[in-house]
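Here the structure comes first, spelled out in structure tokens, and everything after it is commentary.
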Amino acid sequence: MALLDVKKMNVYYGMIHAVKDISFTVDEGDIVTLIGANGAGKTTILQTLTGIVPLKTGKVKYDGKDISHHLNHKLVYSGIAHVPEGRRIFAKLSVLQNLKLGAFTRNSKDEIDESLENVYKKFPILKERSKQLAGTLSGGEQQMLAVGRALMSKPKLLFLDEPSMGLSPIYVNTIFDIIQEVHKEGVSILLVEQNAKKALSIASKAYVLETGKIVKEGNPKELLNDPVIKSSYLGE
Amino acid sequence: MDFLTYFVNGLSLGSIYAIIALGYTMVYGIAKMLNFAHGDVLMIGSYITFVFMSQMGINPIISVLLAAICCTFIGVIIERIAYKPLRGANSLAVLITAIGVSYFLQNISLLIFGANTKSFKSIVTIPPLKLFDGQLMISSESIVTIALCIIIMLALTTFINKTKMGQAMLAVSEDRSASTLMGINVNGTIAMTFAIGSFLAAFAGVLLCSAYPTLTPTTGAMPGIKAFVAAVIGGIGSIPGAFIGGLILGVLENLSKAYISAQLSDAIVFSVLIIMLLVKPSGILGKSNIEKV
Ligand SMILES: Nc1ncnc2c1ncn2[C@@H]1O[C@H](COP(=O)(O)OP(=O)(O)OP(=O)(O)O)[C@@H](O)[C@H]1O
Ligand SMILES: [Mg+2]
């Protein structure tokens, strides 16, 4: 049974039909990636799933339950975390306050402290900067904070929207290493990336989006060798 | 000694402005709107206290608490009915609605309580404090008002910094979508903000009417506007700013009444606002932008 099962999702911005009849699944233990050009609708799909943009039609099942009418803040309680596009950290709050807000849905202080230690282990820089205002972190550090903050909710399913955007190659590698590490710890992942090559190399399933529609899906290793994908998304 | 008397009275008036300004500033910070009906909630709170205390003979403290609870509900209901449907609408539409709500509350009170002035009995019954052989007399209302204002400020600051709900408020004030992603109920947090502001408004109303014991349906209007000025001077969105702005405004108003002209005191207060907006639009403690884009 799929952990996340999206069927015929349609989303509009006014008259703009941004997501058209999209269906996809994320199985437990999967790293699923959605790739596609700018404006293809990747961010919109994630935002719809976490209730920031309203779903027009379609069905979303999570953990066997139909949640189509419950796409809102409560999903965090059932184990979905979302690292949004553009980081969206709380710039005027400290790094530690940001991380604690990530654990907003949890109550046990001991467990939260344990997650905090875990995040600090993955991103030692966040520990060094814990008292600093998040807005004063560098772009790459802010991205780490965004990922760390999402992990603080102890998710079962993690949405990542272009975690490597704007990062230098070293940081990109670090972020991808951490995504794989988190995956090994048992978190299923839905990854949206511009860096299609990197994304396809770690994914277990991939969907290719074009102007709101899925035009291809399948094994990422095969897509990496697909001549069309190569020329349009991998720049080869 | 006269100066000290005026100064202390100014601090007391300023404390009332500060408590009202808190409501403005919190709602502005979190819901991103100016709730111009805030002053009228204060007036309703005073009427409710008046009814419980003077007409039904209930103990003053209990009357005030009951009024504060009523105001809390009224604030939440106003938000739910008038403002929530306008989430995402442009700010002019919201502002006009708030002014509409303000007139609505004034006219409802006119209908229920009538136009004649009610003389409000002070809820403070302890004797005044005499200092320097009776040369400086501080009214018990002033003492209670200043003390309550300080307590409220400390309690609110602790609430914001130490509780999850308080942190949620900070998060929502900065980024609603990101707050949703943390599992925060944004609508609930905004409603909570109105609840707190309206709860405090009832206290401000009672303190105001205890010091200036005439109650009419427009009692809240002018203090409401001045508290708004105080919030802007202190830096709108900032809780300590509301405190400092309120005190500055109250002292300024009382001193100008005493030494310059009673008629001109309001003009002086608003001139300060204009100067502030020209010199430092973000207010004394206004947040400077540290975000990186
Ligand atoms: N708030 C909005 N209002 C109107 N149109 C929007 C809005 N957000 C996105 N769109 C439109 O919806 C389409 C999909 O946008 P979306 O942000 O989902 O694309 P994306 O695949 O994430 O692109 P990118 O790779 O550039 O992040 C685009 O055509 C975009 O212009
Ligand atoms: Mg995007």
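Residue names in the structure tokens use chain letters A, B, ... in the order shown, residue numbers from 1 in each chain, and ligand numbers from 1 in the order shown.
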Which residues come within 8 Å of stretch 114-131 of chain B, counting only C-alpha atoms, excluding same-chain residues fewer than 4 positions away, as an mmCIF file with N, CA, C and O atoms, in the first residue's frame?
data_model
loop_
_atom_site.group_PDB
_atom_site.id
_atom_site.type_symbol
_atom_site.label_atom_id
_atom_site.label_comp_id
_atom_site.auth_asym_id
_atom_site.auth_seq_id
_atom_site.Cartn_x
_atom_site.Cartn_y
_atom_site.Cartn_z
ATOM 1 N N PHE B 50 -20.142 48.298 34.391
ATOM 2 C CA PHE B 50 -21.102 49.219 35.020
ATOM 3 C C PHE B 50 -22.399 48.491 35.380
ATOM 4 O O PHE B 50 -22.917 48.611 36.484
ATOM 5 N N SER B 54 -22.743 48.423 39.223
ATOM 6 C CA SER B 54 -23.616 49.464 39.755
ATOM 7 C C SER B 54 -25.094 49.082 39.694
ATOM 8 O O SER B 54 -25.873 49.510 40.519
ATOM 9 N N PRO B 60 -16.986 44.449 42.689
ATOM 10 C CA PRO B 60 -16.281 45.121 41.590
ATOM 11 C C PRO B 60 -15.272 44.231 40.860
ATOM 12 O O PRO B 60 -15.254 44.187 39.624
ATOM 13 N N ILE B 61 -14.461 43.514 41.626
ATOM 14 C CA ILE B 61 -13.430 42.695 40.979
ATOM 15 C C ILE B 61 -14.078 41.625 40.097
ATOM 16 O O ILE B 61 -13.677 41.398 38.950
ATOM 17 N N SER B 109 -24.381 50.212 21.488
ATOM 18 C CA SER B 109 -24.347 50.660 22.880
ATOM 19 C C SER B 109 -25.350 51.789 23.100
ATOM 20 O O SER B 109 -26.001 51.862 24.146
ATOM 21 N N LEU B 110 -25.440 52.657 22.119
ATOM 22 C CA LEU B 110 -26.406 53.751 22.195
ATOM 23 C C LEU B 110 -27.809 53.172 22.345
ATOM 24 O O LEU B 110 -28.628 53.628 23.148
ATOM 25 N N GLN B 135 2.249 66.696 50.425
ATOM 26 C CA GLN B 135 2.413 67.626 49.295
ATOM 27 C C GLN B 135 2.176 66.918 47.969
ATOM 28 O O GLN B 135 1.691 67.511 47.010
ATOM 29 N N LEU B 136 2.580 65.651 47.915
ATOM 30 C CA LEU B 136 2.343 64.877 46.688
ATOM 31 C C LEU B 136 1.321 63.798 47.010
ATOM 32 O O LEU B 136 1.538 62.971 47.893
ATOM 33 N N MET B 137 0.197 63.886 46.330
ATOM 34 C CA MET B 137 -0.827 62.883 46.565
ATOM 35 C C MET B 137 -1.020 62.066 45.290
ATOM 36 O O MET B 137 -1.291 62.632 44.227
ATOM 37 N N ILE B 138 -0.835 60.764 45.437
ATOM 38 C CA ILE B 138 -1.029 59.902 44.271
ATOM 39 C C ILE B 138 -2.328 59.134 44.471
ATOM 40 O O ILE B 138 -2.491 58.431 45.475
ATOM 41 N N SER B 139 -3.235 59.279 43.553
ATOM 42 C CA SER B 139 -4.535 58.625 43.720
ATOM 43 C C SER B 139 -4.365 57.117 43.649
ATOM 44 O O SER B 139 -3.451 56.594 42.988
ATOM 45 N N SER B 140 -5.256 56.441 44.356
ATOM 46 C CA SER B 140 -5.146 54.985 44.364
ATOM 47 C C SER B 140 -5.400 54.421 42.961
ATOM 48 O O SER B 140 -4.841 53.400 42.591
ATOM 49 N N GLU B 141 -6.235 55.125 42.171
ATOM 50 C CA GLU B 141 -6.466 54.677 40.788
ATOM 51 C C GLU B 141 -5.141 54.647 40.018
ATOM 52 O O GLU B 141 -4.857 53.708 39.279
ATOM 53 N N VAL B 144 -2.971 51.685 41.142
ATOM 54 C CA VAL B 144 -3.478 50.410 40.614
ATOM 55 C C VAL B 144 -3.233 50.320 39.105
ATOM 56 O O VAL B 144 -2.806 49.288 38.590
ATOM 57 N N VAL B 206 -12.119 49.834 32.245
ATOM 58 C CA VAL B 206 -12.497 50.036 33.645
ATOM 59 C C VAL B 206 -11.538 51.009 34.326
ATOM 60 O O VAL B 206 -11.952 51.896 35.074
ATOM 61 N N CYS B 209 -12.367 54.504 33.069
ATOM 62 C CA CYS B 209 -13.602 55.050 33.642
ATOM 63 C C CYS B 209 -13.483 55.267 35.154
ATOM 64 O O CYS B 209 -14.214 56.069 35.721
ATOM 65 N N SER B 210 -12.569 54.559 35.789
ATOM 66 C CA SER B 210 -12.356 54.809 37.211
ATOM 67 C C SER B 210 -11.657 56.145 37.412
ATOM 68 O O SER B 210 -11.908 56.864 38.381
ATOM 69 N N ALA B 211 -10.777 56.502 36.478
ATOM 70 C CA ALA B 211 -10.059 57.771 36.586
ATOM 71 C C ALA B 211 -10.878 58.934 36.019
ATOM 72 O O ALA B 211 -10.839 60.037 36.534
ATOM 73 N N PRO B 213 -14.644 59.396 35.326
ATOM 74 C CA PRO B 213 -15.849 58.582 35.528
ATOM 75 C C PRO B 213 -17.075 58.959 34.682
ATOM 76 O O PRO B 213 -18.177 58.946 35.179
ATOM 77 N N THR B 214 -16.889 59.279 33.429
ATOM 78 C CA THR B 214 -18.076 59.470 32.594
ATOM 79 C C THR B 214 -18.053 58.437 31.487
ATOM 80 O O THR B 214 -17.041 58.259 30.815
ATOM 81 N N LEU B 215 -19.184 57.772 31.334
ATOM 82 C CA LEU B 215 -19.245 56.686 30.355
ATOM 83 C C LEU B 215 -20.341 56.960 29.339
ATOM 84 O O LEU B 215 -21.512 57.119 29.697
ATOM 85 N N THR B 216 -19.950 57.074 28.062
ATOM 86 C CA THR B 216 -20.919 57.228 26.973
ATOM 87 C C THR B 216 -20.499 56.269 25.852
ATOM 88 O O THR B 216 -19.396 55.711 25.893
ATOM 89 N N PRO B 217 -21.341 56.096 24.852
ATOM 90 C CA PRO B 217 -20.966 55.174 23.768
ATOM 91 C C PRO B 217 -19.714 55.601 22.991
ATOM 92 O O PRO B 217 -19.150 54.789 22.258
#
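Residues in contact range of A:Lys216, defined as at most 12 Å between only C-alpha atoms, with sequence neighbours fewer than 5 positions away removed, read Ile22, Ser23, Phe24, Thr33, Leu34, Ile35, Gly36, Lys205, Ala206, Tyr207, Val208, Leu209, Glu210, Glu222, Leu223, Asp226, Val228 and Ile229 of chain A.
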Could those residues be written to a file, using C-alpha atoms, as a PDB file, in the first residue's frame?
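After the write, again_13.pdb holds the following:
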ATOM      1  CA  ILE A  22      -1.720  14.592 -11.718  1.00  0.00           C
ATOM      2  CA  SER A  23      -1.529  11.103 -10.216  1.00  0.00           C
ATOM      3  CA  PHE A  24       1.451   9.673  -8.398  1.00  0.00           C
ATOM      4  CA  THR A  33      11.427  12.812  -7.296  1.00  0.00           C
ATOM      5  CA  LEU A  34       9.392  15.233  -9.368  1.00  0.00           C
ATOM      6  CA  ILE A  35      11.436  16.985 -12.003  1.00  0.00           C
ATOM      7  CA  GLY A  36      10.433  19.534 -14.582  1.00  0.00           C
ATOM      8  CA  LYS A 205      11.029   6.533  -8.639  1.00  0.00           C
ATOM      9  CA  ALA A 206      10.728   9.621 -10.800  1.00  0.00           C
ATOM     10  CA  TYR A 207       8.015  11.673 -12.476  1.00  0.00           C
ATOM     11  CA  VAL A 208       8.670  14.239 -15.181  1.00  0.00           C
ATOM     12  CA  LEU A 209       6.338  17.232 -15.272  1.00  0.00           C
ATOM     13  CA  GLU A 210       5.640  19.581 -18.133  1.00  0.00           C
ATOM     14  CA  GLU A 222      16.540   4.574 -17.007  1.00  0.00           C
ATOM     15  CA  LEU A 223      15.464   8.213 -17.148  1.00  0.00           C
ATOM     16  CA  ASP A 226      16.769   8.594 -21.770  1.00  0.00           C
ATOM     17  CA  VAL A 228      14.937  13.185 -24.380  1.00  0.00           C
ATOM     18  CA  ILE A 229      15.436  13.632 -20.633  1.00  0.00           C
TER      19      ILE A 229
END
With the cut-off set at 10 Å and counting only C-alpha atoms and all ligand atoms, tabulate each residue of chain A with an atom at most that distance from an atom of ligand 2, showing the nearest atom pair and its distance in Å to one decimal, ordered by chain and increasing number, as CSV.
residue,atom,partner,partner_atom_place_in_ligand_line,distance
A:Gly36,CA,ligand 2,1 (Mg),9.4
A:Ala37,CA,ligand 2,1 (Mg),9.1
A:Asn38,CA,ligand 2,1 (Mg),6.9
A:Gly39,CA,ligand 2,1 (Mg),6.9
A:Ala40,CA,ligand 2,1 (Mg),8.0
A:Gly41,CA,ligand 2,1 (Mg),6.9
A:Lys42,CA,ligand 2,1 (Mg),5.5
A:Thr43,CA,ligand 2,1 (Mg),4.0
A:Thr44,CA,ligand 2,1 (Mg),7.1
A:Ile45,CA,ligand 2,1 (Mg),9.2
A:Leu46,CA,ligand 2,1 (Mg),9.0
A:Gln47,CA,ligand 2,1 (Mg),9.7
A:Pro84,CA,ligand 2,1 (Mg),8.9
A:Glu85,CA,ligand 2,1 (Mg),6.1
A:Gly86,CA,ligand 2,1 (Mg),8.7
A:Asp161,CA,ligand 2,1 (Mg),6.7
A:Glu162,CA,ligand 2,1 (Mg),7.2
A:Val192,CA,ligand 2,1 (Mg),7.8
A:Glu193,CA,ligand 2,1 (Mg),8.4
A:Gln194,CA,ligand 2,1 (Mg),8.7
Need to verify the contact set: stretch 177-194 of chain B, 8 Å, only C-alpha atoms, exclusion of same-chain residues closer than 4 positions in sequence. Can you return it as a VMD selection string? (chain A and resid 50 to 52 72 to 77 81 to 82 84 88 to 89 101 to 105 150 153) or (chain B and resid 23 26 to 27 30 to 31 72 75 to 76 79 to 80 165 168 to 169 171 to 172 198)
note - atom CA of A:Gln132 and atom CA of A:Leu158 are separated by 26.1 Å
